[in-house]
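Shown next, in structure tokens, is the structure this report addresses.
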Protein chains: 4
Amino acid sequence: MSESASELQHLRALLRQFAAERDWEQFHTPKNLASALSVEAAELLEPFQWLVAGEKEELGADKLKDVRFEMADVLAYLIQMADRLDVDLYQALLEKIELNRIKYPAKPV
Amino acid sequence: MSESASELQHLRALLRQFAAERDWEQFHTPKNLASALSVEAAELLEPFQWLVAGEKEELGADKLKDVRFEMADVLAYLIQMADRLDVDLYQALLEKIELNRIKYPAKPV
Amino acid sequence: MSESASELQHLRALLRQFAAERDWEQFHTPKNLASALSVEAAELLEPFQWLVAGEKEELGADKLKDVRFEMADVLAYLIQMADRLDVDLYQALLEKIELNRIKYPAKPV
Amino acid sequence: MSESASELQHLRALLRQFAAERDWEQFHTPKNLASALSVEAAELLEPFQWLVAGEKEELGADKLKDVRFEMADVLAYLIQMADRLDVDLYQALLEKIELNRIKYPAKPV
């Protein structure tokens with residue numbers, strides 16, 4: 001991948017290579033990736049589910065380490081799903097933010 | 001934000017501004033963001049749940065448009081959660097891929 | 001179904017008939033039912049995600065009506081999945097409660 | 001609980017007692033229970049996510065044992081949530097099936 005590849009493009013390239021080396025592309029249908037993403041998102045929710053305030057301090061340092069890698073898993077499946085569906089995640093979110101600006105106008109000062 | 005901000009940093013800045021303009025930071029505890037992420041991940045799974053092969057063509061163009069924005073929502077909550085937890089998503093996924101290289105060795109050719 | 005069928009057996013019989021009348025059994029693989037269950041569980045979480053205390057009163061009467069039917073959907077998919085996997089939900093939960101009594105001993109008075 | 005209590009009422013009584021003995025009612029807000037239910041639903045999906053056909057035989061006997069208890073967990077949180085929200089799950093599903101009969105008419109023979 002080139003020097004100028006963006007972060008998301010670089011991660012996509014690494015994930016493509018990782019799957020190819022293991023012959024895992026056959027399992028990576030968009031449906032299966034959406035399931036895997038949903039499972040990882042729930043694993044990310046799990047350490048927070050009984051917290052009272054739900055803040056970082058309440059979680060503790062050890063669990064934060066796990067949470068960090070769960071977040072990485074969510075991103076990995078999201079990038080792989082986007083790859084299979086030819087979705088540009090960066091552009092999609094830029095557009096979605098613009099749509100949300102119209103849907104939820106900021107209160108006037 | 002500067003010219004040289006990365007994609008993920010740029011999106012984070014936009015999302016910070018969006019939440020601040022609406023006074024929504026108070027709701028954005030890591031716990032609530034993890035819930036919202038899990039809900040969006042399930043919405044992303046929903047159009048795939050009864051598909052047989054689960055491929056892009058089976059989904060159809062109209063649903064793909066929705067799916068694209070659901071993916072954007074997942075990314076938005078993931079970036080906001082990472083922001084609250086001081087997690088660098090890019091670094092976390094680079095590290096996770098390295099750990100997975102050890103955990104799941106590629107088959108020798 | 002007989003007079004003496006239990007609640008869960010009666011619901012299972014109704015759900016079997018409902019699927020058969022629509023020729024939907026073909027879609028009801030355990031995998032697809034597990035996806036659908038996960039999607040419904042997230043829809044059940046959705047109205048609670050930004051609540052502060054997360055109590056019934058905060059939800060409001062209108063949303064409670066929706067939540068009631070989302071809970072019914074979760075139960076429906078759970079019963080159908082159990083049917084496909086030959087799981088007796090009632091027995092499984094009785095056993096699980098006993099296992100949890102050992103795993104999480106009650107504090108002595 | 002009386003001889004004539006239904007399955008769901010009996011399970012609810014056992015779960016109430018279990019939580020009370022451990023002083024866990026304080027954590028069991030409807031919001032937290034909805035999160036826990038969503039997490040368990042995803043754990044139930046996890047062993048199916050990469051299966052091709054998604055049928056029982058493909059899962060295998062060992063994983064089926066785990067799945068059986070994950071299903072019990074889903075039911076436990078659903079019953080506890082219904083208890084907190086004063087929802088009669090049996091009645092709710094009977095009504096939902098009737099609504100679905102209207103929404104999705106069976107094809108004429």
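Chain labels run A, B, ... following the order of the structure tokens; each chain numbers its residues from 1, and ligands are numbered from 1 in the order shown.
Selecting chain C residues within 6 Å of chain D and counting only C-alpha atoms yields C:Glu21, C:Arg22, C:Thr29, C:Pro30, C:Lys31, C:Ala34, C:Ser38, C:Ala41, C:Ala42, C:Leu45, C:Phe48, C:Gly54, C:Glu55, C:Ala72, C:Ala92, C:Leu93, C:Ala106.
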Next, write the just-selected residues to a file, as a PDB file, in the first residue's frame, keeping N, CA, C and O atoms as the atom set.
```pdb
ATOM      1  N   GLU C  21     -48.246 -21.859   7.903  1.00  0.00           N
ATOM      2  CA  GLU C  21     -49.254 -21.241   7.028  1.00  0.00           C
ATOM      3  C   GLU C  21     -48.633 -20.286   6.008  1.00  0.00           C
ATOM      4  O   GLU C  21     -49.222 -19.971   4.990  1.00  0.00           O
ATOM      5  N   ARG C  22     -47.450 -19.762   6.328  1.00  0.00           N
ATOM      6  CA  ARG C  22     -46.779 -18.794   5.448  1.00  0.00           C
ATOM      7  C   ARG C  22     -45.557 -19.394   4.733  1.00  0.00           C
ATOM      8  O   ARG C  22     -44.829 -18.686   4.049  1.00  0.00           O
ATOM      9  N   THR C  29     -33.797 -21.236  10.050  1.00  0.00           N
ATOM     10  CA  THR C  29     -32.654 -21.985  10.554  1.00  0.00           C
ATOM     11  C   THR C  29     -32.302 -21.427  11.934  1.00  0.00           C
ATOM     12  O   THR C  29     -32.575 -20.252  12.226  1.00  0.00           O
ATOM     13  N   PRO C  30     -31.693 -22.236  12.786  1.00  0.00           N
ATOM     14  CA  PRO C  30     -31.261 -21.713  14.095  1.00  0.00           C
ATOM     15  C   PRO C  30     -30.385 -20.454  13.938  1.00  0.00           C
ATOM     16  O   PRO C  30     -30.522 -19.510  14.713  1.00  0.00           O
ATOM     17  N   LYS C  31     -29.526 -20.443  12.941  1.00  0.00           N
ATOM     18  CA  LYS C  31     -28.672 -19.267  12.721  1.00  0.00           C
ATOM     19  C   LYS C  31     -29.499 -18.017  12.432  1.00  0.00           C
ATOM     20  O   LYS C  31     -29.263 -16.958  13.023  1.00  0.00           O
ATOM     21  N   ALA C  34     -31.382 -16.918  15.493  1.00  0.00           N
ATOM     22  CA  ALA C  34     -30.485 -16.266  16.450  1.00  0.00           C
ATOM     23  C   ALA C  34     -30.207 -14.824  16.031  1.00  0.00           C
ATOM     24  O   ALA C  34     -30.127 -13.924  16.865  1.00  0.00           O
ATOM     25  N   SER C  38     -31.385 -11.469  18.104  1.00  0.00           N
ATOM     26  CA  SER C  38     -30.423 -10.429  18.452  1.00  0.00           C
ATOM     27  C   SER C  38     -30.922  -9.052  17.980  1.00  0.00           C
ATOM     28  O   SER C  38     -30.790  -8.057  18.695  1.00  0.00           O
ATOM     29  N   ALA C  41     -33.739  -8.003  20.288  1.00  0.00           N
ATOM     30  CA  ALA C  41     -33.198  -7.613  21.599  1.00  0.00           C
ATOM     31  C   ALA C  41     -32.650  -6.193  21.543  1.00  0.00           C
ATOM     32  O   ALA C  41     -32.808  -5.411  22.494  1.00  0.00           O
ATOM     33  N   ALA C  42     -32.029  -5.843  20.429  1.00  0.00           N
ATOM     34  CA  ALA C  42     -31.499  -4.479  20.275  1.00  0.00           C
ATOM     35  C   ALA C  42     -32.629  -3.464  20.131  1.00  0.00           C
ATOM     36  O   ALA C  42     -32.544  -2.349  20.657  1.00  0.00           O
ATOM     37  N   LEU C  45     -33.716  -2.647  23.444  1.00  0.00           N
ATOM     38  CA  LEU C  45     -32.761  -1.779  24.156  1.00  0.00           C
ATOM     39  C   LEU C  45     -32.871  -0.323  23.695  1.00  0.00           C
ATOM     40  O   LEU C  45     -32.661   0.605  24.474  1.00  0.00           O
ATOM     41  N   PHE C  48     -34.359   2.628  25.629  1.00  0.00           N
ATOM     42  CA  PHE C  48     -33.724   2.845  26.940  1.00  0.00           C
ATOM     43  C   PHE C  48     -32.343   3.480  26.841  1.00  0.00           C
ATOM     44  O   PHE C  48     -31.791   3.917  27.846  1.00  0.00           O
ATOM     45  N   GLY C  54     -33.093   4.896  33.715  1.00  0.00           N
ATOM     46  CA  GLY C  54     -33.452   3.662  33.020  1.00  0.00           C
ATOM     47  C   GLY C  54     -34.629   2.936  33.638  1.00  0.00           C
ATOM     48  O   GLY C  54     -34.772   1.727  33.481  1.00  0.00           O
ATOM     49  N   GLU C  55     -35.487   3.694  34.340  1.00  0.00           N
ATOM     50  CA  GLU C  55     -36.652   3.087  34.999  1.00  0.00           C
ATOM     51  C   GLU C  55     -37.908   3.218  34.130  1.00  0.00           C
ATOM     52  O   GLU C  55     -37.948   3.987  33.172  1.00  0.00           O
ATOM     53  N   ALA C  72     -42.402  -9.438  23.282  1.00  0.00           N
ATOM     54  CA  ALA C  72     -43.110 -10.574  22.688  1.00  0.00           C
ATOM     55  C   ALA C  72     -42.310 -11.130  21.505  1.00  0.00           C
ATOM     56  O   ALA C  72     -42.215 -12.353  21.333  1.00  0.00           O
ATOM     57  N   ALA C  92     -34.277 -25.813  30.951  1.00  0.00           N
ATOM     58  CA  ALA C  92     -32.950 -25.201  30.819  1.00  0.00           C
ATOM     59  C   ALA C  92     -32.768 -24.079  31.832  1.00  0.00           C
ATOM     60  O   ALA C  92     -31.710 -23.959  32.463  1.00  0.00           O
ATOM     61  N   LEU C  93     -33.816 -23.266  32.034  1.00  0.00           N
ATOM     62  CA  LEU C  93     -33.679 -22.160  32.980  1.00  0.00           C
ATOM     63  C   LEU C  93     -33.686 -22.667  34.433  1.00  0.00           C
ATOM     64  O   LEU C  93     -32.924 -22.157  35.264  1.00  0.00           O
ATOM     65  N   ALA C 106     -25.286 -16.931  47.745  1.00  0.00           N
ATOM     66  CA  ALA C 106     -25.918 -15.802  48.435  1.00  0.00           C
ATOM     67  C   ALA C 106     -25.119 -15.488  49.689  1.00  0.00           C
ATOM     68  O   ALA C 106     -24.552 -16.377  50.317  1.00  0.00           O
TER      69      ALA C 106
END
```
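The space separating CA of Arg12 (chain C) from CA of Gln80 (chain C) comes to 6.8 Å.
We find CA of Phe27 (chain D) and CA of Tyr77 (chain D) to be spaced 12.3 Å apart.
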